[in-house]
$ cat structure-v4.cif   # mmCIF, C-alpha atoms and all ligand atoms
data_final
loop_
_atom_site.label_atom_id
_atom_site.label_comp_id
_atom_site.auth_asym_id
_atom_site.auth_seq_id
_atom_site.Cartn_x
_atom_site.Cartn_y
_atom_site.Cartn_z
CA MET A 197 46.51 20.24 -62.53
CA SER A 198 48.10 19.24 -59.27
CA ASN A 199 47.54 15.89 -57.65
CA PRO A 200 44.00 14.97 -56.70
CA GLN A 201 44.75 13.93 -53.17
CA MET A 202 42.22 14.35 -50.46
CA VAL A 203 43.88 15.97 -47.48
CA MET A 204 42.42 16.83 -44.12
CA TYR A 205 43.89 19.50 -41.85
CA GLU A 206 43.06 20.29 -38.28
CA GLU A 207 41.38 23.60 -39.04
CA GLU A 208 38.88 22.20 -41.54
CA PHE A 209 38.39 19.04 -39.54
CA ASN A 210 37.33 21.08 -36.53
CA GLN A 211 34.87 23.06 -38.61
CA ILE A 212 33.42 19.83 -40.00
CA GLN A 213 33.22 18.24 -36.57
CA VAL A 214 31.25 21.19 -35.21
CA ILE A 215 28.69 20.68 -37.96
CA VAL A 216 28.29 16.93 -37.53
CA ASP A 217 28.08 17.25 -33.74
CA ARG A 218 25.38 19.84 -34.11
CA LEU A 219 23.55 17.74 -36.71
CA VAL A 220 23.35 14.81 -34.31
CA ARG A 221 21.76 17.05 -31.67
CA GLU A 222 19.46 19.09 -33.89
CA ALA A 223 18.19 16.16 -35.93
CA ASN A 224 17.98 14.00 -32.82
CA ALA A 225 19.93 11.37 -34.76
CA GLN A 226 21.86 8.35 -33.52
CA VAL A 227 24.91 8.72 -35.70
CA VAL A 228 26.20 11.07 -38.39
CA PHE A 229 29.07 10.25 -40.75
CA ILE A 230 30.95 12.06 -43.45
CA ILE A 231 32.56 9.84 -46.04
CA ASP A 232 34.44 10.69 -49.19
CA LYS A 233 33.23 9.20 -52.46
CA ASN A 234 36.05 6.67 -52.40
CA GLY A 235 34.89 5.22 -49.12
CA GLN A 236 37.21 6.88 -46.62
CA LEU A 237 35.66 7.98 -43.37
CA ILE A 238 36.24 11.68 -42.79
CA ALA A 239 34.29 12.47 -39.63
CA ALA A 240 31.71 10.92 -37.35
CA ALA A 241 29.52 11.97 -34.44
CA GLY A 242 27.02 10.39 -32.09
CA ASP A 243 26.84 6.82 -30.92
CA THR A 244 29.53 5.39 -33.22
CA GLU A 245 30.71 2.66 -30.84
CA GLN A 246 28.13 0.14 -32.00
CA ILE A 247 28.99 0.53 -35.66
CA ASP A 248 31.81 -0.80 -37.83
CA THR A 249 32.55 2.59 -39.33
CA THR A 250 35.13 1.40 -41.87
CA SER A 251 32.74 -1.13 -43.38
CA LEU A 252 29.90 1.34 -43.35
CA ALA A 253 32.02 3.91 -45.18
CA SER A 254 33.07 1.51 -47.91
CA LEU A 255 29.56 0.12 -48.45
CA THR A 256 27.95 3.56 -48.52
CA ALA A 257 30.48 4.76 -51.08
CA GLY A 258 29.80 1.62 -53.16
CA ASN A 259 26.10 2.29 -52.91
CA ILE A 260 26.50 5.91 -54.03
CA ALA A 261 28.79 4.79 -56.85
CA ALA A 262 26.23 2.24 -58.01
CA THR A 263 23.28 4.66 -57.95
CA GLY A 264 25.52 7.23 -59.65
CA GLY A 265 26.14 4.66 -62.38
CA ILE A 266 22.41 4.08 -62.76
CA ALA A 267 21.79 7.83 -62.97
CA LYS A 268 24.32 8.09 -65.75
CA LEU A 269 22.58 5.33 -67.69
CA LEU A 270 19.31 7.23 -67.36
CA ARG A 271 21.07 10.46 -68.35
CA GLU A 272 19.97 11.80 -65.00
CA ASN A 273 22.03 13.97 -62.68
CA GLU A 274 23.35 12.00 -59.77
CA PHE A 275 20.58 11.06 -57.32
CA SER A 276 21.70 13.23 -54.47
CA THR A 277 19.48 11.79 -51.73
CA GLN A 278 18.67 8.27 -50.61
CA PHE A 279 16.55 7.09 -47.76
CA HIS A 280 16.19 3.56 -46.43
CA GLU A 281 13.63 2.75 -43.79
CA GLY A 282 14.18 -0.16 -41.45
CA GLU A 283 12.23 -1.51 -38.51
CA ARG A 284 14.41 0.18 -35.94
CA ALA A 285 17.00 2.14 -37.85
CA ASN A 286 16.57 4.48 -40.77
CA ILE A 287 19.35 5.83 -42.91
CA HIS A 288 19.45 9.07 -44.84
CA ILE A 289 22.26 9.49 -47.36
CA GLN A 290 23.02 12.85 -48.91
CA LEU A 291 25.60 13.64 -51.54
CA VAL A 292 27.26 16.95 -50.70
CA GLY A 293 28.71 18.96 -53.59
CA ASN A 294 29.12 15.70 -55.53
CA ARG A 295 32.21 15.12 -53.44
CA VAL A 296 31.44 13.80 -49.99
CA ILE A 297 28.60 11.80 -48.54
CA LEU A 298 26.66 12.79 -45.44
CA VAL A 299 25.05 9.82 -43.69
CA VAL A 300 22.50 10.16 -40.90
CA ILE A 301 21.26 7.13 -38.99
CA PHE A 302 18.21 7.70 -36.85
CA ASP A 303 15.38 5.89 -35.09
CA ASN A 304 11.76 6.74 -34.32
CA LYS A 305 12.74 9.36 -31.73
CA THR A 306 12.86 11.82 -34.60
CA SER A 307 11.24 12.26 -38.00
CA LEU A 308 12.38 12.13 -41.59
CA GLY A 309 11.12 15.67 -42.06
CA LEU A 310 13.33 17.04 -39.31
CA VAL A 311 16.32 15.05 -40.50
CA ARG A 312 15.87 16.37 -44.05
CA LEU A 313 15.61 19.92 -42.85
CA ARG A 314 18.77 19.72 -40.75
CA VAL A 315 20.68 17.83 -43.41
CA LYS A 316 19.92 20.53 -45.94
CA LYS A 317 21.44 23.22 -43.76
CA ALA A 318 24.45 21.12 -42.81
CA SER A 319 25.08 20.18 -46.47
CA GLU A 320 25.36 23.79 -47.51
CA GLU A 321 27.82 24.55 -44.76
CA LEU A 322 29.86 21.43 -45.47
CA ASN A 323 29.99 22.24 -49.14
CA HIS A 324 31.66 25.57 -48.40
CA ILE A 325 34.23 23.94 -46.15
CA PHE A 326 35.14 21.26 -48.69
CA GLU A 327 35.40 23.80 -51.48
CA ALA A 328 37.82 25.84 -49.41
CA LEU A 329 39.74 22.70 -48.50
CA LEU A 330 40.10 21.73 -52.15
CA ARG A 331 41.37 25.15 -53.08
CA LYS A 332 43.96 24.83 -50.35
CA VAL A 333 44.99 21.35 -51.48
CA SER A 334 45.31 22.29 -55.14
CA ASP A 335 47.43 25.35 -54.38
CA PRO A 336 50.54 24.77 -56.53
CA ASN A 337 52.78 26.33 -53.88
CA ARG A 338 51.79 23.75 -51.34
CA GLU A 339 54.63 21.38 -50.57
CA ALA A 340 54.20 17.72 -51.47
CA PRO A 341 52.69 16.41 -48.26
CA PHE A 342 54.95 13.44 -48.05
CA ALA A 343 58.18 14.70 -49.52
CA GLU A 344 60.08 14.22 -46.27
CA ILE A 345 59.80 10.44 -46.19
CA THR A 346 62.68 8.47 -47.65
CA ASP A 347 62.92 5.25 -49.61
CA ASP A 348 64.41 3.71 -46.46
CA ASP A 349 61.33 4.67 -44.48
CA ILE A 350 59.22 2.83 -47.00
CA ASP A 351 61.53 -0.19 -47.05
CA ASN A 352 61.52 -0.36 -43.26
CA LEU A 353 57.77 -0.67 -43.24
CA PHE A 354 58.12 -4.06 -44.88
CA ASN A 355 60.96 -5.53 -42.86
CA ASP A 356 59.27 -7.99 -40.61
CA MET B 27 43.00 9.01 -54.58
CA SER B 28 44.95 8.75 -51.41
CA PHE B 29 43.62 10.52 -48.37
CA ILE B 30 46.09 12.13 -46.00
CA ASN B 31 44.66 13.06 -42.64
CA TYR B 32 47.03 15.33 -40.74
CA LEU B 33 44.81 15.23 -37.73
CA SER B 34 44.66 11.49 -37.09
CA ARG B 35 48.04 11.20 -38.83
CA GLU B 36 46.88 8.60 -41.30
CA ILE B 37 47.48 7.96 -44.96
CA ASN B 38 44.76 5.99 -46.70
CA CYS B 39 45.34 4.42 -50.09
CA LYS B 40 43.16 2.36 -52.41
CA ILE B 41 44.51 -0.72 -54.15
CA VAL B 42 42.43 -2.62 -56.71
CA TYR B 43 42.93 -6.27 -57.67
CA TYR B 44 41.92 -6.68 -61.31
CA GLY B 45 41.85 -9.69 -63.61
CA PRO B 46 39.64 -12.17 -65.45
CA GLY B 47 36.89 -14.21 -63.79
CA LEU B 48 38.10 -16.96 -61.44
CA CYS B 49 41.76 -15.88 -61.64
CA GLY B 50 41.98 -15.72 -57.83
CA LYS B 51 41.48 -12.07 -56.83
CA THR B 52 39.12 -12.85 -53.98
CA THR B 53 41.40 -15.69 -52.87
CA ASN B 54 44.31 -13.21 -52.58
CA LEU B 55 42.28 -11.04 -50.22
CA GLN B 56 41.04 -14.01 -48.23
CA TYR B 57 44.58 -15.20 -47.69
CA ILE B 58 45.73 -11.76 -46.61
CA TYR B 59 42.77 -11.52 -44.27
CA ASN B 60 43.44 -14.92 -42.71
CA LYS B 61 47.12 -14.23 -42.14
CA THR B 62 46.85 -10.73 -40.73
CA ASN B 63 46.73 -9.92 -37.02
CA PRO B 64 43.28 -8.88 -35.83
CA GLU B 65 44.51 -5.43 -34.77
CA ALA B 66 45.86 -4.71 -38.26
CA LYS B 67 42.71 -5.51 -40.18
CA GLY B 68 39.06 -4.60 -40.35
CA LYS B 69 36.21 -6.79 -41.44
CA MET B 70 36.41 -8.24 -44.94
CA ILE B 71 33.30 -7.49 -46.93
CA SER B 72 32.40 -9.63 -49.94
CA LEU B 73 29.47 -8.68 -52.11
CA ALA B 74 29.16 -11.98 -53.95
CA THR B 75 26.67 -14.18 -55.75
CA GLU B 76 25.38 -17.38 -54.23
CA THR B 77 28.09 -19.23 -56.11
CA GLU B 78 30.78 -17.04 -54.53
CA ARG B 79 31.55 -15.06 -57.63
CA THR B 80 32.25 -11.43 -56.86
CA LEU B 81 29.15 -9.40 -57.68
CA PHE B 82 30.28 -5.88 -56.87
CA PHE B 83 33.48 -5.93 -54.84
CA ASP B 84 35.45 -7.43 -51.98
CA PHE B 85 36.82 -4.95 -49.49
CA LEU B 86 39.56 -5.42 -46.92
CA PRO B 87 40.94 -2.56 -44.82
CA LEU B 88 44.51 -3.15 -43.70
CA ALA B 89 47.00 -1.25 -41.56
CA LEU B 90 50.59 -1.81 -42.64
CA GLY B 91 52.45 0.09 -39.95
CA GLU B 92 53.79 3.59 -39.43
CA ILE B 93 56.04 5.86 -41.42
CA ARG B 94 57.34 8.89 -39.55
CA GLY B 95 54.39 8.85 -37.22
CA PHE B 96 51.85 8.39 -40.00
CA LYS B 97 49.75 5.25 -39.92
CA THR B 98 49.55 3.70 -43.37
CA ARG B 99 46.16 2.24 -44.16
CA PHE B 100 45.36 0.38 -47.33
CA HIS B 101 41.91 -0.33 -48.64
CA LEU B 102 42.10 -3.43 -50.81
CA TYR B 103 39.32 -3.97 -53.34
CA THR B 104 38.71 -6.69 -55.91
CA VAL B 105 36.59 -6.18 -59.00
CA PRO B 106 34.15 -8.76 -60.37
CA GLY B 107 36.07 -10.45 -63.17
CA GLN B 108 33.15 -11.76 -65.20
CA VAL B 109 32.92 -9.87 -68.48
CA PHE B 110 29.35 -8.67 -68.06
CA TYR B 111 30.06 -6.82 -64.81
CA ASP B 112 31.98 -4.10 -66.61
CA ALA B 113 29.89 -1.24 -65.25
CA SER B 114 30.75 -2.28 -61.70
CA ARG B 115 34.45 -2.61 -62.52
CA LYS B 116 34.51 0.99 -63.70
CA LEU B 117 33.04 2.15 -60.40
CA ILE B 118 35.56 0.25 -58.30
CA LEU B 119 38.44 1.81 -60.23
CA LYS B 120 37.42 5.32 -59.19
CA GLY B 121 40.03 6.91 -57.00
CA VAL B 122 42.47 4.01 -57.33
CA ASP B 123 46.06 4.53 -56.16
CA GLY B 124 47.53 1.22 -57.30
CA VAL B 125 46.53 -1.81 -59.36
CA VAL B 126 47.40 -5.50 -59.04
CA PHE B 127 46.65 -7.42 -62.20
CA VAL B 128 46.06 -11.06 -61.27
CA ALA B 129 46.56 -13.29 -64.29
CA ASP B 130 45.40 -16.90 -64.50
CA SER B 131 48.46 -18.91 -65.57
CA GLN B 132 46.44 -21.64 -67.24
CA ILE B 133 46.97 -21.81 -70.99
CA ALA B 134 43.24 -22.03 -71.53
CA ARG B 135 42.81 -18.63 -69.84
CA MET B 136 45.29 -16.66 -71.94
CA GLU B 137 42.64 -14.96 -74.02
CA ALA B 138 40.66 -14.07 -70.90
CA ASN B 139 43.82 -12.55 -69.39
CA LEU B 140 44.46 -10.42 -72.45
CA GLU B 141 40.87 -9.32 -72.69
CA SER B 142 40.84 -8.32 -69.03
CA MET B 143 44.07 -6.37 -69.35
CA GLU B 144 42.71 -4.53 -72.36
CA ASN B 145 39.57 -3.82 -70.37
CA LEU B 146 41.65 -2.45 -67.50
CA ARG B 147 43.45 -0.02 -69.81
CA THR B 148 40.20 1.11 -71.38
CA ASN B 149 38.42 1.62 -68.09
CA LEU B 150 41.34 3.53 -66.58
CA ALA B 151 41.67 5.71 -69.67
CA GLU B 152 37.98 6.55 -69.46
CA GLN B 153 38.68 8.14 -66.09
CA GLY B 154 41.79 9.94 -67.22
CA TYR B 155 44.27 7.46 -65.76
CA SER B 156 47.03 5.73 -67.64
CA LEU B 157 48.11 2.28 -66.55
CA ASP B 158 51.68 3.21 -67.45
CA LYS B 159 51.70 6.03 -64.91
CA LEU B 160 49.92 4.26 -62.11
CA PRO B 161 51.63 2.10 -59.47
CA TYR B 162 51.04 -1.29 -60.96
CA VAL B 163 52.23 -4.91 -60.50
CA VAL B 164 51.34 -8.22 -62.14
CA GLN B 165 50.76 -11.58 -60.47
CA TYR B 166 50.83 -14.89 -62.35
CA ASN B 167 48.50 -16.95 -60.22
CA LYS B 168 47.56 -20.63 -60.14
CA ARG B 169 51.12 -21.81 -60.74
CA ASP B 170 50.11 -25.16 -59.20
CA MET B 171 47.64 -26.00 -61.96
CA PRO B 172 48.54 -28.76 -64.45
CA SER B 173 48.60 -26.92 -67.78
CA VAL B 174 50.10 -23.52 -67.12
CA ALA B 175 52.02 -21.31 -69.53
CA PRO B 176 55.71 -20.75 -68.79
CA VAL B 177 56.37 -17.50 -66.92
CA ASP B 178 58.48 -16.09 -69.77
CA GLU B 179 55.56 -16.46 -72.09
CA LEU B 180 53.15 -14.84 -69.64
CA ARG B 181 55.59 -12.03 -69.13
CA ALA B 182 55.94 -11.36 -72.85
CA LEU B 183 52.20 -11.35 -73.25
CA LEU B 184 50.99 -9.61 -70.11
CA ASN B 185 53.88 -7.52 -68.88
CA PRO B 186 55.43 -5.78 -71.87
CA THR B 187 56.45 -2.76 -69.75
CA SER B 188 58.28 -4.92 -67.19
CA VAL B 189 56.58 -3.80 -64.02
CA PRO B 190 57.31 -5.91 -60.91
CA ASP B 191 55.73 -9.34 -61.36
CA TYR B 192 55.27 -12.37 -59.11
CA GLU B 193 54.34 -16.01 -59.43
CA ALA B 194 51.65 -17.07 -57.00
CA ILE B 195 49.44 -19.81 -55.69
CA ALA B 196 46.82 -17.75 -53.92
CA THR B 197 45.14 -20.76 -52.33
CA SER B 198 48.31 -21.64 -50.41
CA GLY B 199 49.45 -18.03 -50.11
CA GLU B 200 52.58 -18.32 -52.17
CA GLY B 201 53.43 -14.94 -53.67
CA VAL B 202 50.43 -13.23 -52.11
CA PHE B 203 52.24 -11.01 -49.61
CA GLU B 204 55.12 -10.38 -52.02
CA THR B 205 52.58 -8.96 -54.46
CA LEU B 206 50.89 -6.86 -51.78
CA LYS B 207 54.16 -5.46 -50.46
CA ALA B 208 55.31 -4.57 -53.96
CA ILE B 209 52.18 -2.60 -54.78
CA ALA B 210 52.08 -0.93 -51.35
CA LYS B 211 55.65 0.18 -51.78
CA LEU B 212 55.01 1.60 -55.23
CA VAL B 213 51.96 3.47 -53.97
CA LEU B 214 53.87 5.02 -51.06
CA THR B 215 56.76 5.94 -53.33
CA GLU B 216 54.34 7.66 -55.68
CA LEU B 217 52.80 9.50 -52.74
CA LYS B 218 56.23 10.69 -51.66
CA ARG B 219 56.82 12.02 -55.15
CA GLY B 220 53.65 14.00 -54.68
CA GLY B 221 51.85 12.49 -57.60
CA ALA B 222 48.89 10.23 -57.83
CA GLY B 223 49.25 8.44 -61.11
CA ALA B 224 48.40 11.50 -63.18
CA GLY B 225 44.85 10.88 -62.18
CA PRO B 226 41.96 13.13 -62.96
CA GLY B 227 41.44 16.29 -60.98
CA THR B 228 39.30 16.40 -57.89
CA GLY B 229 36.74 18.46 -59.72
CA THR B 230 33.20 17.24 -60.02
CA ARG B 231 32.17 15.50 -63.18
N1 LIG C 401 44.60 -24.44 -57.76
C1 LIG C 401 44.44 -23.16 -57.51
N2 LIG C 401 43.20 -22.67 -57.35
C2 LIG C 401 43.06 -21.36 -57.10
C3 LIG C 401 44.18 -20.49 -56.97
N3 LIG C 401 43.73 -19.26 -56.71
C4 LIG C 401 42.38 -19.32 -56.67
N4 LIG C 401 41.97 -20.58 -56.90
C5 LIG C 401 40.58 -21.08 -56.96
O1 LIG C 401 39.94 -20.52 -58.08
C6 LIG C 401 38.56 -20.27 -57.81
C7 LIG C 401 38.21 -18.83 -58.09
O2 LIG C 401 38.91 -17.99 -57.19
P1 LIG C 401 38.37 -16.54 -56.79
O3 LIG C 401 39.39 -15.94 -55.90
O4 LIG C 401 36.98 -16.58 -56.31
O5 LIG C 401 38.39 -15.83 -58.22
P2 LIG C 401 38.05 -14.32 -58.56
O6 LIG C 401 39.16 -13.80 -59.40
O7 LIG C 401 37.72 -13.56 -57.36
O8 LIG C 401 36.75 -14.50 -59.49
P3 LIG C 401 35.55 -13.43 -59.79
O9 LIG C 401 35.05 -12.98 -58.48
O10 LIG C 401 34.53 -14.14 -60.58
O11 LIG C 401 36.17 -12.33 -60.58
C8 LIG C 401 38.36 -20.68 -56.35
O12 LIG C 401 37.83 -21.96 -56.32
C9 LIG C 401 39.74 -20.65 -55.77
O13 LIG C 401 39.90 -21.57 -54.70
C10 LIG C 401 45.49 -21.06 -57.13
O14 LIG C 401 46.52 -20.38 -57.05
N5 LIG C 401 45.56 -22.39 -57.40
MG MG C 402 36.10 -12.52 -56.75
#
$ encode --input "structure-v4.cif" --output "structure tokens" --more "lines below"
Ligand SMILES: Nc1nc2c(ncn2[C@@H]2O[C@H](COP(=O)(O)OP(=O)(O)OP(=O)(O)O)[C@@H](O)[C@H]2O)c(=O)[nH]1
Ligand SMILES: [Mg+2]
Amino acid sequence: MSNPQMVMYEEEFNQIQVIVDRLVREANAQVVFIIDKNGQLIAAAGDTEQIDTTSLASLTAGNIAATGGIAKLLRENEFSTQFHEGERANIHIQLVGNRVILVVIFDNKTSLGLVRLRVKKASEELNHIFEALLRKVSDPNREAPFAEITDDDIDNLFND
Amino acid sequence: MSFINYLSREINCKIVYYGPGLCGKTTNLQYIYNKTNPEAKGKMISLATETERTLFFDFLPLALGEIRGFKTRFHLYTVPGQVFYDASRKLILKGVDGVVFVADSQIARMEANLESMENLRTNLAEQGYSLDKLPYVVQYNKRDMPSVAPVDELRALLNPTSVPDYEAIATSGEGVFETLKAIAKLVLTELKRGGAGAGPGTGTR
């Protein structure tokens, strides 16, 4: 088994971005995020300026991890969907292929039904992309992504 | 599990501060947060009880500079040290790239240190990681307290494999950045080698 790194290349990123951009439009959402299960932000679309995306990514991943832990206790498969309704903002969280998390934030300009419908379609498409990406990453012939850096490079990072 | 983004030219790594309750994990992160330039850090998130004990985790995103045009970003997490939060500790360890074990130097806390270290090994093993293969450093914290064990003794007890170790007083910051730099360096070196601590595969579970 090769290393379990998550890697993002331009080709796949562009495919993912097309999907999240479209999801914002078609679901009439405010913001859409894709986060990996460890809390790293992968892609975002919509009105992201108002939001601390790094914090949101880490908290959402923690939330999914916690509900995943509860599911395990109940001998249940992971709860793949969560929905939280606020006064102004609503948040729909979808686990995609048990690997990445699709987050949609929306207000009353749209409906939960529409969001669900669009999320379902986007999830399937995203799942294919991430599966292909993982195959690419775990290809044993792939060079170690960071082999070209030297010990000096690393040392230099810490010379203040 | 580090995340390399060739598009934004970023490497993201996850470092977890582990150790018994009240050993000073959160204080390490608070000190780092307070001493870091605003442009190099994000917001620190602490999910804590009303008495400021960590309930789920603390989180601090940090940028440490560039290597060959790649921005290095570290996500620092602390676990809740209290024994009964074990389920949460397991969750925080998922996808870890490097571990800092913060020991409490006080003689009265020796058993708690040992128990926590044992717990770290067990929880890592459950996820297919081995502490001996993971970037890992030890910090002997609270060196300013009145009845602390000598460092040699702590070392014999808590660092049998002689990984890099540091004395610290997290409240005043002594040893805090030394510890952080050491673990960051080990994590990057591991990344360069192309490994990730012999962690589990990316497959679903
Ligand atoms: N004297 C002294 N006090 C310290 C030191 N480091 C931490 N403390 C204090 O110890 C207490 C506990 O510190 P925390 O950082 O909250 O401990 P923690 O490991 O995060 O604890 P949990 O969240 O319960 O796991 C606080 O009152 C700190 O101010 C130190 O080096 N010296
Ligand atoms: Mg704490």
$ axis_aligned_box --input "structure-v4.cif" --around "ligand LIG 401 (chain C)" --padding-each-side "4 Å" --output "AutoDock Vina command-line options"
--center_x 40.5 --center_y -18.4 --center_z -57.6 --size_x 20.0 --size_y 20.1 --size_z 13.9
$ interface_residues --input "structure-v4.cif" --of "chain A" --to "chain B" --cutoff "8 Å" --atoms "only C-alpha atoms" --output "NGL selection string"
:A and (197-206 or 209 or 234 or 236 or 250-251 or 254 or 258 or 261-262 or 265 or 294-295 or 330 or 340-347 or 349-351 or 353-354)
$ closest_residue --input "structure-v4.cif" --among "A:Asn286, A:Thr277, A:Gln226, A:Gln246" --to "Leu308 (chain A)" --atoms "only C-alpha atoms"
A:Asn286
$ residues_near_ligand --input "structure-v4.cif" --ligand "ligand LIG 401 (chain C)" --cutoff "8 Å" --atoms "all atoms listed in the file" --output "ChimeraX atom specification"
/B:44-54,74,78-81,104-108,128,167-171,194-199
$ write_last_selection --input "structure-v4.cif" --atoms "C-alpha atoms" --output "compact mmCIF listing (two decimals), keeping the file's coordinate frame"
# COMPACT_ATOMS: atom_id res chain seq x y z
CA TYR B 44 41.92 -6.68 -61.31
CA GLY B 45 41.85 -9.69 -63.61
CA PRO B 46 39.64 -12.17 -65.45
CA GLY B 47 36.89 -14.21 -63.79
CA LEU B 48 38.10 -16.96 -61.44
CA CYS B 49 41.76 -15.88 -61.64
CA GLY B 50 41.98 -15.72 -57.83
CA LYS B 51 41.48 -12.07 -56.83
CA THR B 52 39.12 -12.85 -53.98
CA THR B 53 41.40 -15.69 -52.87
CA ASN B 54 44.31 -13.21 -52.58
CA ALA B 74 29.16 -11.98 -53.95
CA GLU B 78 30.78 -17.04 -54.53
CA ARG B 79 31.55 -15.06 -57.63
CA THR B 80 32.25 -11.43 -56.86
CA LEU B 81 29.15 -9.40 -57.68
CA THR B 104 38.71 -6.69 -55.91
CA VAL B 105 36.59 -6.18 -59.00
CA PRO B 106 34.15 -8.76 -60.37
CA GLY B 107 36.07 -10.45 -63.17
CA GLN B 108 33.15 -11.76 -65.20
CA VAL B 128 46.06 -11.06 -61.27
CA ASN B 167 48.50 -16.95 -60.22
CA LYS B 168 47.56 -20.63 -60.14
CA ARG B 169 51.12 -21.81 -60.74
CA ASP B 170 50.11 -25.16 -59.20
CA MET B 171 47.64 -26.00 -61.96
CA ALA B 194 51.65 -17.07 -57.00
CA ILE B 195 49.44 -19.81 -55.69
CA ALA B 196 46.82 -17.75 -53.92
CA THR B 197 45.14 -20.76 -52.33
CA SER B 198 48.31 -21.64 -50.41
CA GLY B 199 49.45 -18.03 -50.11
$ closest_residue --input "structure-v4.cif" --among "A:Val299, A:Val220, A:Val292, A:Ala241" --to "Thr256 (chain A)" --atoms "only C-alpha atoms"
A:Val299
$ atom_distance --input "structure-v4.cif" --atom1 "CA of Val227 (chain A)" --atom2 "CA of Ile266 (chain A)"
27.6 Å
$ closest_residue --input "structure-v4.cif" --among "B:Glu144, B:Asp84, B:Glu65, B:Glu76" --to "ligand MG 402 (chain C)" --atoms "all atoms listed in the file"
B:Asp84
$ closest_residue --input "structure-v4.cif" --among "B:Arg147, B:Arg135, B:Lys159, B:Arg115" --to "ligand MG 402 (chain C)" --atoms "all atoms listed in the file"
B:Arg115
$ atom_distance --input "structure-v4.cif" --atom1 "CA of Val164 (chain B)" --atom2 "CA of Glu193 (chain B)"
8.8 Å
$ closest_residue --input "structure-v4.cif" --among "B:Val163, B:Val42, B:Ile209, B:Leu146" --to "ligand MG 402 (chain C)" --atoms "only C-alpha atoms and all ligand atoms"
B:Val42
$ closest_residue --input "structure-v4.cif" --among "B:Thr75, B:Gln165, B:Asn60, B:Ile41" --to "ligand MG 402 (chain C)" --atoms "only C-alpha atoms and all ligand atoms"
B:Thr75
$ residues_around --input "structure-v4.cif" --residues "Ser276 (chain A)" --least-positions-apart "5" --cutoff "10 Å" --atoms "all atoms listed in the file" --output "MDAnalysis selection string"
chainID A and resid 260 263:264 289:294 297
$ atom_distance --input "structure-v4.cif" --atom1 "CA of Gly242 (chain A)" --atom2 "CA of Phe229 (chain A)"
8.9 Å
